[in-house]
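S.K.: One structure, as structure tokens, below. Some questions next.
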Amino acid sequence: MRKAGGGSIINMSSVAGLVGMPRTIAYGASKGGLRIMSKSVAMAVADDNIRCNSIHPGVIWSNIYAWTTREELENSPLTDSIPMGKIGDAQDIANAVLYLASDESKYVSGTEIVVDAGMTAR
């Protein structure tokens, strides 16, 4: 990236790296560490025109929920913690990645994008 004159580093974290969750202690600690690492990297490479940010997804429909259907998941107690009352799609995360990878975010570095339908807004 230095040789190319800049670039964008995008780290995938989680809402568990932003707020405490009782059943994901080690996972949350690692994702919180990734958040701070992203900020530190952003500071370390700023002079090289390299940006570094993290994305923090909430509940996203993926293989982790293969034990159920999307409809059952959206009607489960899990969605009670989601203000918008629905789960996200991989495309929701891909759109955040696309933004951070593009020149549209040329002045965005050292921050996090939370894609969680309002879960962490409380």
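Labels for the structure tokens follow display order: chains A, B, ..., residues from 1 in each chain, ligands from 1.
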Among chain A, which ones does DSSP place in alpha helix (DSSP H), written as a ChimeraX atom specification?
M.R.: /A:25-45,70-74,90-101
S.K.: Please provide as a PyMOL selection string all residues within 12 Å of stretch 97-112 of chain A, with the sequence filter that same-chain residues fewer than 2 positions apart are discarded (counting only C-alpha atoms).
M.R.: chain A and resi 6-15+17-18+31-32+34-47+49-57+90-95+114-115
S.K.: Take the residues that were just selected and, keeping C-alpha atoms, output them as an mmCIF file, in the first residue's frame.
M.R.:
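The new file again_19.cif reads:
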data_model
loop_
_atom_site.group_PDB
_atom_site.id
_atom_site.type_symbol
_atom_site.label_atom_id
_atom_site.label_comp_id
_atom_site.auth_asym_id
_atom_site.auth_seq_id
_atom_site.Cartn_x
_atom_site.Cartn_y
_atom_site.Cartn_z
ATOM 1 C CA GLY A 6 -2.142 4.629 -0.074
ATOM 2 C CA GLY A 7 -5.027 2.322 0.528
ATOM 3 C CA SER A 8 -7.674 1.130 2.909
ATOM 4 C CA ILE A 9 -7.439 -1.556 5.588
ATOM 5 C CA ILE A 10 -10.831 -2.852 6.727
ATOM 6 C CA ASN A 11 -11.059 -5.076 9.792
ATOM 7 C CA MET A 12 -14.182 -7.090 10.567
ATOM 8 C CA SER A 13 -15.178 -6.888 14.208
ATOM 9 C CA SER A 14 -18.594 -7.220 15.886
ATOM 10 C CA VAL A 15 -21.029 -5.374 18.111
ATOM 11 C CA GLY A 17 -16.489 -5.596 20.572
ATOM 12 C CA LEU A 18 -18.461 -2.491 21.548
ATOM 13 C CA LYS A 31 -13.354 -8.072 18.810
ATOM 14 C CA GLY A 32 -12.830 -5.125 21.174
ATOM 15 C CA LEU A 34 -9.540 -5.520 16.986
ATOM 16 C CA ARG A 35 -11.348 -2.199 17.295
ATOM 17 C CA ILE A 36 -8.475 -0.598 19.208
ATOM 18 C CA MET A 37 -5.883 -2.222 16.958
ATOM 19 C CA SER A 38 -7.619 -0.654 13.949
ATOM 20 C CA LYS A 39 -7.419 2.784 15.561
ATOM 21 C CA SER A 40 -3.737 2.297 16.395
ATOM 22 C CA VAL A 41 -2.924 1.122 12.875
ATOM 23 C CA ALA A 42 -4.778 4.154 11.488
ATOM 24 C CA MET A 43 -2.484 6.412 13.500
ATOM 25 C CA ALA A 44 0.642 4.461 12.509
ATOM 26 C CA VAL A 45 0.047 4.563 8.740
ATOM 27 C CA ALA A 46 -1.701 7.911 8.317
ATOM 28 C CA ASP A 47 1.420 9.568 6.884
ATOM 29 C CA ASN A 49 -2.141 7.837 3.044
ATOM 30 C CA ILE A 50 -3.377 4.488 4.346
ATOM 31 C CA ARG A 51 -6.676 4.393 6.165
ATOM 32 C CA CYS A 52 -7.717 1.737 8.682
ATOM 33 C CA ASN A 53 -11.241 1.223 10.003
ATOM 34 C CA SER A 54 -13.359 -1.523 11.503
ATOM 35 C CA ILE A 55 -16.863 -2.765 10.778
ATOM 36 C CA HIS A 56 -19.067 -4.014 13.603
ATOM 37 C CA PRO A 57 -21.973 -6.159 12.404
ATOM 38 C CA ALA A 90 -24.460 -10.112 4.094
ATOM 39 C CA GLN A 91 -25.170 -7.362 1.555
ATOM 40 C CA ASP A 92 -25.584 -4.887 4.429
ATOM 41 C CA ILE A 93 -22.008 -5.608 5.500
ATOM 42 C CA ALA A 94 -20.740 -5.670 1.917
ATOM 43 C CA ASN A 95 -22.109 -2.152 1.402
ATOM 44 C CA VAL A 114 -21.662 -0.193 13.152
ATOM 45 C CA VAL A 115 -24.166 -2.131 11.022
#
S.K.: One number please: atom CA of A:Ala66 to atom CA of A:Val19, in Å, one decimal.
M.R.: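 Computed distance, atom CA of A:Ala66 to atom CA of A:Val19, equals 25.1 Å.
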S.K.: Go through A:Gly28, A:Tyr65, A:Asp80, A:Asp48 and flag the residue nearest A:Arg2, using only C-alpha atoms for the distances.
M.R.: A:Asp48
S.K.: Need the shell around A:Ile60: protein/DNA/RNA residues with any atom at most 7 Å away, counting only C-alpha atoms. Skip same-chain ones fewer than 4 positions apart. Format as a list in words?
M.R.: Ile87, Gly88, Asp89 and Ala90 of chain A
S.K.: Within 9 Å of A:Pro83, counting only C-alpha atoms, which residues show up once you throw out same-chain ones fewer than 5 positions away? Write them as a list in words, please.
M.R.: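 Here the answer would be Ala117, Gly118, Met119 and Ala121 of chain A.
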S.K.: Separation of atom CA of A:Met21 and atom CA of A:Leu78, in Å?
M.R.: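 Between atom CA of A:Met21 and atom CA of A:Leu78 the gap works out to 12.7 Å.
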S.K.: Using DSSP assignments from the backbone, pull out every residue in stretch 16-90 of chain A that falls under strand (DSSP E or B) and give it to me as a VMD selection string.
M.R.: chain A and resid 50 to 57 60 88
S.K.: For the selection just defined, write its residues with N, CA and C atoms to a file, as a CSV table (one decimal), in the first residue's frame.
M.R.:
chain,number,residue,atom,x,y,z
A,50,ILE,N,-2.7,5.8,4.1
A,50,ILE,CA,-3.4,4.5,4.3
A,50,ILE,C,-4.4,4.7,5.5
A,51,ARG,N,-5.6,4.3,5.2
A,51,ARG,CA,-6.7,4.4,6.2
A,51,ARG,C,-6.9,3.0,6.8
A,52,CYS,N,-7.4,3.0,8.0
A,52,CYS,CA,-7.7,1.7,8.7
A,52,CYS,C,-9.0,2.0,9.5
A,53,ASN,N,-10.0,1.1,9.3
A,53,ASN,CA,-11.2,1.2,10.0
A,53,ASN,C,-11.7,-0.2,10.3
A,54,SER,N,-12.7,-0.2,11.2
A,54,SER,CA,-13.4,-1.5,11.5
A,54,SER,C,-14.9,-1.5,11.3
A,55,ILE,N,-15.4,-2.6,11.0
A,55,ILE,CA,-16.9,-2.8,10.8
A,55,ILE,C,-17.4,-3.7,11.9
A,56,HIS,N,-18.5,-3.3,12.5
A,56,HIS,CA,-19.1,-4.0,13.6
A,56,HIS,C,-20.5,-4.5,13.3
A,57,PRO,N,-20.6,-5.7,12.7
A,57,PRO,CA,-22.0,-6.2,12.4
A,57,PRO,C,-22.7,-6.6,13.7
A,60,ILE,N,-26.5,-10.9,11.7
A,60,ILE,CA,-26.5,-11.0,10.2
A,60,ILE,C,-26.9,-12.4,9.8
A,88,GLY,N,-29.9,-8.6,9.7
A,88,GLY,CA,-29.3,-8.1,8.5
A,88,GLY,C,-28.9,-9.2,7.5
S.K.: Between A:Thr120, A:Asn63, A:Thr69, A:Ser30, which one has atoms that come closest to A:Ile82, using only C-alpha atoms?
M.R.: A:Thr120
S.K.: Quick one, how far is atom CA of A:Ala96 from atom CA of A:Asp116?
M.R.: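 Going from atom CA of A:Ala96 over to atom CA of A:Asp116 covers 11.6 Å.
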